[in-house]
Amino acid sequence: MAVQPEAAKSKPTQMIVPSDKRTTAAIDEALPTIKKILAIHQCIKDYESLRLMNVYAVPGVNMASHMGFQYDFYPNSGNMKYHDKNKCVSVSALDQWTMPALNALNFRAVYFAEDSGETVNFAYQFKKMGDGSWKIADFEHAR
């Protein structure tokens, strides 16, 4: 795993929350799991490590089974040419929250490399399970 830079911990993540009460309530419920997923994802250095997110995934979903270019599926990757891959990127913003269904929550995370100034965006989808917990269902590199 990569090392969390001290500078990234001092800057708070900007969170742009919609005014819709239903979406805001879903964000509040899902936020503990979202924080865990983002903490893992921001430090992953190789494709296989995406499996670390499986503990928070919808049953039967393997986060490391995405098709396509392997470096497109974690922020600390080939998406950032000048960033030191041994350091985690920081989460600078969470926005574009939507609920396409009563049990689904989508949002965008903007990652920032403190050393190079590069950014990369990822779109996430979480689903509410029958027990009331929220789990990651999918994610993708958002261009």
# chains A, B, ... in the order shown; residues from 1 in each chain; ligands from 1
>>> select_by_dssp(residues="range 9-118 of chain A", states="strand (DSSP E or B)", output="ChimeraX atom specification")
/A:14-15,57,87,90-101,104-112
>>> residues_around(residues="Leu94 in chain A", least_positions_apart="3", cutoff="8 Å", atoms="only C-alpha atoms", output="CSV table (one decimal) with N, CA, C and O atoms, in the first residue's frame")
chain,number,residue,atom,x,y,z
A,13,THR,N,-11.9,17.6,2.7
A,13,THR,CA,-12.6,17.3,1.5
A,13,THR,C,-13.7,18.2,1.3
A,13,THR,O,-14.6,18.3,2.2
A,14,GLN,N,-13.8,18.8,0.1
A,14,GLN,CA,-15.0,19.7,-0.2
A,14,GLN,C,-16.1,18.7,-0.6
A,14,GLN,O,-16.0,17.9,-1.5
A,15,MET,N,-17.3,18.9,0.1
A,15,MET,CA,-18.4,18.0,-0.2
A,15,MET,C,-19.6,18.9,-0.6
A,15,MET,O,-20.1,19.7,0.2
A,16,ILE,N,-20.0,18.7,-1.8
A,16,ILE,CA,-21.1,19.5,-2.3
A,16,ILE,C,-22.4,18.6,-2.3
A,16,ILE,O,-22.5,17.7,-3.1
A,91,VAL,N,-8.4,13.0,-1.4
A,91,VAL,CA,-9.8,13.2,-2.0
A,91,VAL,C,-10.1,14.7,-1.8
A,91,VAL,O,-10.2,15.2,-0.7
A,107,PHE,N,-22.2,9.2,-7.1
A,107,PHE,CA,-21.5,10.5,-6.9
A,107,PHE,C,-20.1,10.4,-7.6
A,107,PHE,O,-19.7,9.4,-8.0
A,108,ARG,N,-19.5,11.6,-7.6
A,108,ARG,CA,-18.1,11.7,-8.2
A,108,ARG,C,-17.2,12.1,-7.1
A,108,ARG,O,-17.5,12.9,-6.2
A,109,ALA,N,-16.0,11.5,-7.1
A,109,ALA,CA,-14.9,11.8,-6.2
A,109,ALA,C,-13.8,12.4,-7.1
A,109,ALA,O,-13.4,11.8,-8.1
A,110,VAL,N,-13.2,13.5,-6.7
A,110,VAL,CA,-12.1,14.1,-7.3
A,110,VAL,C,-10.8,13.9,-6.5
A,110,VAL,O,-10.8,14.3,-5.3
>>> closest_residue(among="A:Ala30, A:Ala93, A:Met63, A:Leu38", to="Lys128 in chain A", atoms="only C-alpha atoms")
A:Ala30
>>> atom_distance(atom1="CA of Lys87 in chain A", atom2="CA of Ser116 in chain A")
11.2 Å
>>> atom_distance(atom1="CA of Glu48 in chain A", atom2="CA of Asp115 in chain A")
24.6 Å
>>> atom_distance(atom1="CA of Gln96 in chain A", atom2="CA of Asp84 in chain A")
28.2 Å
>>> closest_residue(among="A:Phe139, A:Phe122, A:Tyr47, A:Trp97", to="Ala25 in chain A", atoms="only C-alpha atoms")
A:Trp97
>>> residues_around(residues="Thr23 in chain A", least_positions_apart="2", cutoff="10 Å", atoms="only C-alpha atoms", output="list of chain:residue names")
A:Val17, A:Pro18, A:Ser19, A:Asp20, A:Lys21, A:Ala25, A:Ala26, A:Ile27, A:Asp28, A:Glu29, A:Trp97, A:Thr98, A:Met99, A:Leu102, A:Ala104, A:Leu105, A:Asn106
>>> select_by_dssp(residues="chain A", states="alpha helix (DSSP H)", output="list of chain:residue names")
A:Glu6, A:Ala7, A:Ala8, A:Lys9, A:Ser10, A:Lys21, A:Arg22, A:Thr23, A:Thr24, A:Ala25, A:Ala26, A:Ile27, A:Asp28, A:Glu29, A:Ala30, A:Leu31, A:Pro32, A:Thr33, A:Ile34, A:Lys35, A:Lys36, A:Ile37, A:Leu38, A:Ala39, A:Ile40, A:His41
>>> write_last_selection(atoms="N, CA, C and O atoms", output="mmCIF file, in the first residue's frame")
data_model
loop_
_atom_site.group_PDB
_atom_site.id
_atom_site.type_symbol
_atom_site.label_atom_id
_atom_site.label_comp_id
_atom_site.auth_asym_id
_atom_site.auth_seq_id
_atom_site.Cartn_x
_atom_site.Cartn_y
_atom_site.Cartn_z
ATOM 1 N N GLU A 6 1.093 13.563 4.861
ATOM 2 C CA GLU A 6 0.578 14.396 5.953
ATOM 3 C C GLU A 6 -0.210 15.581 5.431
ATOM 4 O O GLU A 6 -1.197 15.979 6.013
ATOM 5 N N ALA A 7 0.220 16.148 4.311
ATOM 6 C CA ALA A 7 -0.463 17.319 3.758
ATOM 7 C C ALA A 7 -1.895 16.981 3.364
ATOM 8 O O ALA A 7 -2.787 17.804 3.489
ATOM 9 N N ALA A 8 -2.122 15.760 2.878
ATOM 10 C CA ALA A 8 -3.462 15.379 2.452
ATOM 11 C C ALA A 8 -4.420 15.309 3.635
ATOM 12 O O ALA A 8 -5.610 15.537 3.487
ATOM 13 N N LYS A 9 -3.922 14.980 4.802
ATOM 14 C CA LYS A 9 -4.773 14.871 5.972
ATOM 15 C C LYS A 9 -5.202 16.239 6.496
ATOM 16 O O LYS A 9 -6.222 16.362 7.140
ATOM 17 N N SER A 10 -4.428 17.276 6.216
ATOM 18 C CA SER A 10 -4.728 18.588 6.760
ATOM 19 C C SER A 10 -5.776 19.336 5.936
ATOM 20 O O SER A 10 -6.420 20.234 6.438
ATOM 21 N N LYS A 21 -33.779 16.291 0.201
ATOM 22 C CA LYS A 21 -33.699 15.658 1.525
ATOM 23 C C LYS A 21 -33.498 14.153 1.449
ATOM 24 O O LYS A 21 -32.801 13.574 2.276
ATOM 25 N N ARG A 22 -34.108 13.517 0.472
ATOM 26 C CA ARG A 22 -33.959 12.066 0.328
ATOM 27 C C ARG A 22 -32.511 11.711 0.016
ATOM 28 O O ARG A 22 -31.931 10.795 0.596
ATOM 29 N N THR A 23 -31.887 12.474 -0.887
ATOM 30 C CA THR A 23 -30.488 12.227 -1.246
ATOM 31 C C THR A 23 -29.567 12.530 -0.069
ATOM 32 O O THR A 23 -28.640 11.773 0.215
ATOM 33 N N THR A 24 -29.852 13.614 0.633
ATOM 34 C CA THR A 24 -29.041 13.976 1.798
ATOM 35 C C THR A 24 -29.100 12.893 2.873
ATOM 36 O O THR A 24 -28.082 12.553 3.477
ATOM 37 N N ALA A 25 -30.277 12.341 3.096
ATOM 38 C CA ALA A 25 -30.431 11.262 4.086
ATOM 39 C C ALA A 25 -29.643 10.020 3.653
ATOM 40 O O ALA A 25 -28.980 9.380 4.473
ATOM 41 N N ALA A 26 -29.687 9.695 2.366
ATOM 42 C CA ALA A 26 -28.940 8.544 1.854
ATOM 43 C C ALA A 26 -27.431 8.771 2.003
ATOM 44 O O ALA A 26 -26.689 7.856 2.373
ATOM 45 N N ILE A 27 -26.976 9.993 1.740
ATOM 46 C CA ILE A 27 -25.553 10.320 1.891
ATOM 47 C C ILE A 27 -25.137 10.113 3.343
ATOM 48 O O ILE A 27 -24.104 9.497 3.621
ATOM 49 N N ASP A 28 -25.945 10.614 4.270
ATOM 50 C CA ASP A 28 -25.630 10.460 5.698
ATOM 51 C C ASP A 28 -25.517 8.995 6.096
ATOM 52 O O ASP A 28 -24.630 8.610 6.855
ATOM 53 N N GLU A 29 -26.414 8.166 5.576
ATOM 54 C CA GLU A 29 -26.391 6.734 5.895
ATOM 55 C C GLU A 29 -25.179 6.038 5.269
ATOM 56 O O GLU A 29 -24.569 5.169 5.873
ATOM 57 N N ALA A 30 -24.847 6.409 4.038
ATOM 58 C CA ALA A 30 -23.787 5.722 3.293
ATOM 59 C C ALA A 30 -22.392 6.252 3.594
ATOM 60 O O ALA A 30 -21.401 5.566 3.323
ATOM 61 N N LEU A 31 -22.284 7.441 4.161
ATOM 62 C CA LEU A 31 -20.988 8.100 4.318
ATOM 63 C C LEU A 31 -19.929 7.279 5.071
ATOM 64 O O LEU A 31 -18.766 7.268 4.648
ATOM 65 N N PRO A 32 -20.263 6.559 6.149
ATOM 66 C CA PRO A 32 -19.210 5.760 6.791
ATOM 67 C C PRO A 32 -18.561 4.741 5.842
ATOM 68 O O PRO A 32 -17.337 4.598 5.819
ATOM 69 N N THR A 33 -19.367 4.090 5.018
ATOM 70 C CA THR A 33 -18.829 3.121 4.064
ATOM 71 C C THR A 33 -18.110 3.828 2.922
ATOM 72 O O THR A 33 -17.054 3.375 2.465
ATOM 73 N N ILE A 34 -18.653 4.943 2.474
ATOM 74 C CA ILE A 34 -18.003 5.717 1.412
ATOM 75 C C ILE A 34 -16.605 6.129 1.850
ATOM 76 O O ILE A 34 -15.641 5.989 1.100
ATOM 77 N N LYS A 35 -16.468 6.600 3.073
ATOM 78 C CA LYS A 35 -15.158 7.017 3.587
ATOM 79 C C LYS A 35 -14.178 5.854 3.598
ATOM 80 O O LYS A 35 -12.998 6.021 3.263
ATOM 81 N N LYS A 36 -14.639 4.665 3.964
ATOM 82 C CA LYS A 36 -13.764 3.488 3.993
ATOM 83 C C LYS A 36 -13.295 3.120 2.585
ATOM 84 O O LYS A 36 -12.122 2.802 2.366
ATOM 85 N N ILE A 37 -14.230 3.155 1.626
ATOM 86 C CA ILE A 37 -13.890 2.836 0.237
ATOM 87 C C ILE A 37 -12.885 3.836 -0.310
ATOM 88 O O ILE A 37 -11.882 3.471 -0.922
ATOM 89 N N LEU A 38 -13.125 5.127 -0.099
ATOM 90 C CA LEU A 38 -12.229 6.147 -0.623
ATOM 91 C C LEU A 38 -10.844 6.064 0.021
ATOM 92 O O LEU A 38 -9.833 6.266 -0.657
ATOM 93 N N ALA A 39 -10.792 5.731 1.310
ATOM 94 C CA ALA A 39 -9.503 5.592 2.002
ATOM 95 C C ALA A 39 -8.679 4.449 1.404
ATOM 96 O O ALA A 39 -7.454 4.539 1.316
ATOM 97 N N ILE A 40 -9.347 3.401 0.978
ATOM 98 C CA ILE A 40 -8.656 2.290 0.326
ATOM 99 C C ILE A 40 -8.262 2.686 -1.093
ATOM 100 O O ILE A 40 -7.113 2.561 -1.501
ATOM 101 N N HIS A 41 -9.226 3.198 -1.846
ATOM 102 C CA HIS A 41 -9.025 3.481 -3.270
ATOM 103 C C HIS A 41 -7.932 4.526 -3.504
ATOM 104 O O HIS A 41 -7.168 4.420 -4.452
#
>>> residues_around(residues="Asp46 in chain A", least_positions_apart="2", cutoff="8 Å", atoms="only C-alpha atoms", output="number ranges by chain")
A: 44, 48-50, 71, 74, 77
>>> write_last_selection(atoms="N, CA, C and O atoms", output="mmCIF file, in the first residue's frame")
data_model
loop_
_atom_site.group_PDB
_atom_site.id
_atom_site.type_symbol
_atom_site.label_atom_id
_atom_site.label_comp_id
_atom_site.auth_asym_id
_atom_site.auth_seq_id
_atom_site.Cartn_x
_atom_site.Cartn_y
_atom_site.Cartn_z
ATOM 1 N N ILE A 44 -4.361 2.697 -3.443
ATOM 2 C CA ILE A 44 -4.066 1.499 -4.223
ATOM 3 C C ILE A 44 -3.025 1.801 -5.291
ATOM 4 O O ILE A 44 -3.109 2.819 -5.979
ATOM 5 N N GLU A 48 -4.541 -5.504 -8.767
ATOM 6 C CA GLU A 48 -4.978 -6.602 -7.912
ATOM 7 C C GLU A 48 -5.475 -6.118 -6.541
ATOM 8 O O GLU A 48 -6.307 -6.752 -5.912
ATOM 9 N N SER A 49 -4.941 -5.000 -6.078
ATOM 10 C CA SER A 49 -5.322 -4.480 -4.759
ATOM 11 C C SER A 49 -6.745 -3.944 -4.707
ATOM 12 O O SER A 49 -7.260 -3.657 -3.626
ATOM 13 N N LEU A 50 -7.400 -3.827 -5.855
ATOM 14 C CA LEU A 50 -8.805 -3.413 -5.859
ATOM 15 C C LEU A 50 -9.660 -4.398 -5.062
ATOM 16 O O LEU A 50 -10.730 -4.045 -4.565
ATOM 17 N N TYR A 71 -5.053 0.313 -15.646
ATOM 18 C CA TYR A 71 -4.653 1.504 -14.906
ATOM 19 C C TYR A 71 -5.783 2.516 -14.756
ATOM 20 O O TYR A 71 -5.670 3.458 -14.009
ATOM 21 N N TYR A 74 -7.905 2.787 -10.711
ATOM 22 C CA TYR A 74 -7.490 3.304 -9.409
ATOM 23 C C TYR A 74 -6.788 4.639 -9.638
ATOM 24 O O TYR A 74 -6.105 4.836 -10.636
ATOM 25 N N SER A 77 -2.409 5.882 -10.348
ATOM 26 C CA SER A 77 -2.035 4.992 -11.438
ATOM 27 C C SER A 77 -1.428 5.749 -12.599
ATOM 28 O O SER A 77 -0.997 6.887 -12.468
#
>>> closest_residue(among="A:Ser65, A:Asn76, A:Asn103, A:Ser133", to="Glu118 in chain A", atoms="only C-alpha atoms")
A:Asn76
>>> closest_residue(among="A:Pro12, A:Pro75, A:Pro100, A:Pro59", to="Val120 in chain A", atoms="only C-alpha atoms")
A:Pro75
